[in-house]
Structures are given as C-alpha cells and as structure tokens.
Amino acid sequence: MINALPLFFAAVVGFGHAFEIDHLLAVSNIVTRRKTIWEALKDGIYWGLGHTSTILIIGVLMILAKLGISEQTFHFFEAGVGVMLVVLGVQRIRKTWEHEKWHADQHHHLQAHDHRLAYGVGLVHGLAGSGALVLLVMTEIKEALPAVLYLLVFGMGSIAGMLLASGVFSLPFSQKLADAGPWRWRFTLLSSLLCMIVGGKVIWENLMSN
C-alpha cells in the first residue's frame, strides 16, 4: 500500500518548485505575448506539461532502467537552461520592438493558440534539477513504481503552480494595459533583462565555476 504522505509532500514541493526565479522569469517572458489571461494560463499548463515530461523521462531511465547520469552532465543541463533564458530575453526584446513597429495586434491574433514555445521551455526546464530530484526520491522510496508515482504527482503540483504563476504574471499584459504601449514595453523590457541576467548567472555557475 502506497503511503499518501510522500505523495502530498511531492505535490507541495512541485507547486513551490514552479515559483523558483528562473521558472518565473521564463514564464513571464512567454506570457508577454498574450493579451488575455486565459491564453497565459494555457501557457502555464503547457509549461508544466513539458517540465513533467522531462522529469518523468529522466526519472524512468534512472529508476526503472537503472541508468546512471553523472553530476557533470546535470551541470551541462543547468547551463543549457541558462542559455535558454538568455535567448528568451533577447528574442522577446527583439520581437516586442518589431511588433510595436509592425502590426503587433495581427501577430498576437495569429499566434494566440500556439503554445509550443511554452511546452518547449518546460521541456528544457525539466532538465534543471531533475537529477537531484530523482536521486532524492531514490534515497527515500526504495520501490520503483511508487518512486515514479512520486515524480508524476510532483509534476502535477508544478503544473498547478505554474498555472497560478502564469495567471499572475499575465496581469500587466492584459488587454486593458496592452493598449498602453509604453507600460507594456517597460514591463516586457524589465522581465527580458532579468531573464538574461539570471540566465548568464546560471551559465557561469555551472560552466565557469566548476
């Protein structure tokens, strides 16, 4: 019989995991494309699904297939997340500048239902910290199937957390404020610059300082 307490703990940890600074900066740069909270919430769901997909894939390989992944490899994974954050920031600034000049409203209409970016960012983000999470689970839960279930519940918690985070971060970019061009641009510039700064810090910590 599976103990419910570790699963509850997994959900809580997963929910809190969504609010780590690199996650929040990434999702803030994604939802700046949106003018409705509903579309931003769907971005949060897709981010969580991508994040959970990577966690489960790595978890199954390490727990069921007994695949070993070195600590150095996970440093490269983390650095990859840093590169992604820098690229997200640069691309968001570039595209926002272009949209302000060339038919921004039309672009938002065409891209309104495209959540591939959010899912892809979630996939990459799942690499960061996934090794530590799986190793922690393996030390606490000896049986394979309960360990995989733990990771799945963790993923569900992260989806819920990112759903809330994406909704909150979308508020400055809602339809009402979207018409106030200067404010929208300032919010976008701030989140993009922070994303690039944190991304550079992640790259340095995982490549240069090791």
# chains A, B, ... in the order shown; residues from 1 in each chain; ligands from 1
>>> residues_around(residues="Gly50 in chain A", least_positions_apart="3", cutoff="8 Å", atoms="only C-alpha atoms", output="list in words")
Tyr46, Trp47, Ser53, Thr54, Ala118, Tyr119, Gly120, Val121, Gly122, Leu123, Val124 and Gly126 of chain A
>>> write_last_selection(atoms="C-alpha atoms", output="PDB file, in the first residue's frame")
ATOM      1  CA  TYR A  46       1.840  23.635 -21.341  1.00  0.00           C
ATOM      2  CA  TRP A  47       4.984  24.721 -19.487  1.00  0.00           C
ATOM      3  CA  SER A  53       7.544  15.143 -19.402  1.00  0.00           C
ATOM      4  CA  THR A  54      11.283  15.643 -18.924  1.00  0.00           C
ATOM      5  CA  ALA A 118       5.722  27.205 -23.504  1.00  0.00           C
ATOM      6  CA  TYR A 119       5.897  23.410 -23.849  1.00  0.00           C
ATOM      7  CA  GLY A 120       9.454  23.545 -25.225  1.00  0.00           C
ATOM      8  CA  VAL A 121      10.637  25.845 -22.432  1.00  0.00           C
ATOM      9  CA  GLY A 122       9.069  23.448 -19.920  1.00  0.00           C
ATOM     10  CA  LEU A 123      10.904  20.521 -21.508  1.00  0.00           C
ATOM     11  CA  VAL A 124      14.273  22.268 -21.159  1.00  0.00           C
ATOM     12  CA  GLY A 126      12.752  19.891 -16.593  1.00  0.00           C
TER      13      GLY A 126
END
>>> residues_around(residues="Leu24 in chain A", least_positions_apart="4", cutoff="9 Å", atoms="only C-alpha atoms", output="list of chain:residue names")
A:Ala18, A:Phe19, A:Glu20, A:Ser28, A:Asn29, A:Met162, A:Ala165, A:Ser166, A:Phe169
>>> residues_around(residues="His125 in chain A", least_positions_apart="4", cutoff="10 Å", atoms="only C-alpha atoms", output="JSON, numbers by chain")
{"A": [22, 23, 26, 47, 48, 50, 51, 52, 54, 55, 77, 78, 80, 81, 82, 84, 85, 119, 120, 121, 129, 130]}
>>> residues_around(residues="range 150-160 of chain A", least_positions_apart="2", cutoff="9 Å", atoms="only C-alpha atoms", output="MDAnalysis selection string")
chainID A and resid 6:19 44:49 51:53 55:56 59 133:134 137 141 145:148 162:165
>>> residues_around(residues="Phe74 in chain A", least_positions_apart="4", cutoff="8 Å", atoms="only C-alpha atoms", output="list in words")
Ile69, Ser70, Glu78, Leu127, Ala128, Gly129 and Gly131 of chain A
>>> closest_residue(among="A:Ile21, A:Leu207, A:Leu190, A:Leu67", to="Val90 in chain A", atoms="only C-alpha atoms")
A:Leu190
>>> closest_residue(among="A:Gly161, A:Leu149, A:Arg92, A:Ile58", to="Leu41 in chain A", atoms="only C-alpha atoms")
A:Gly161
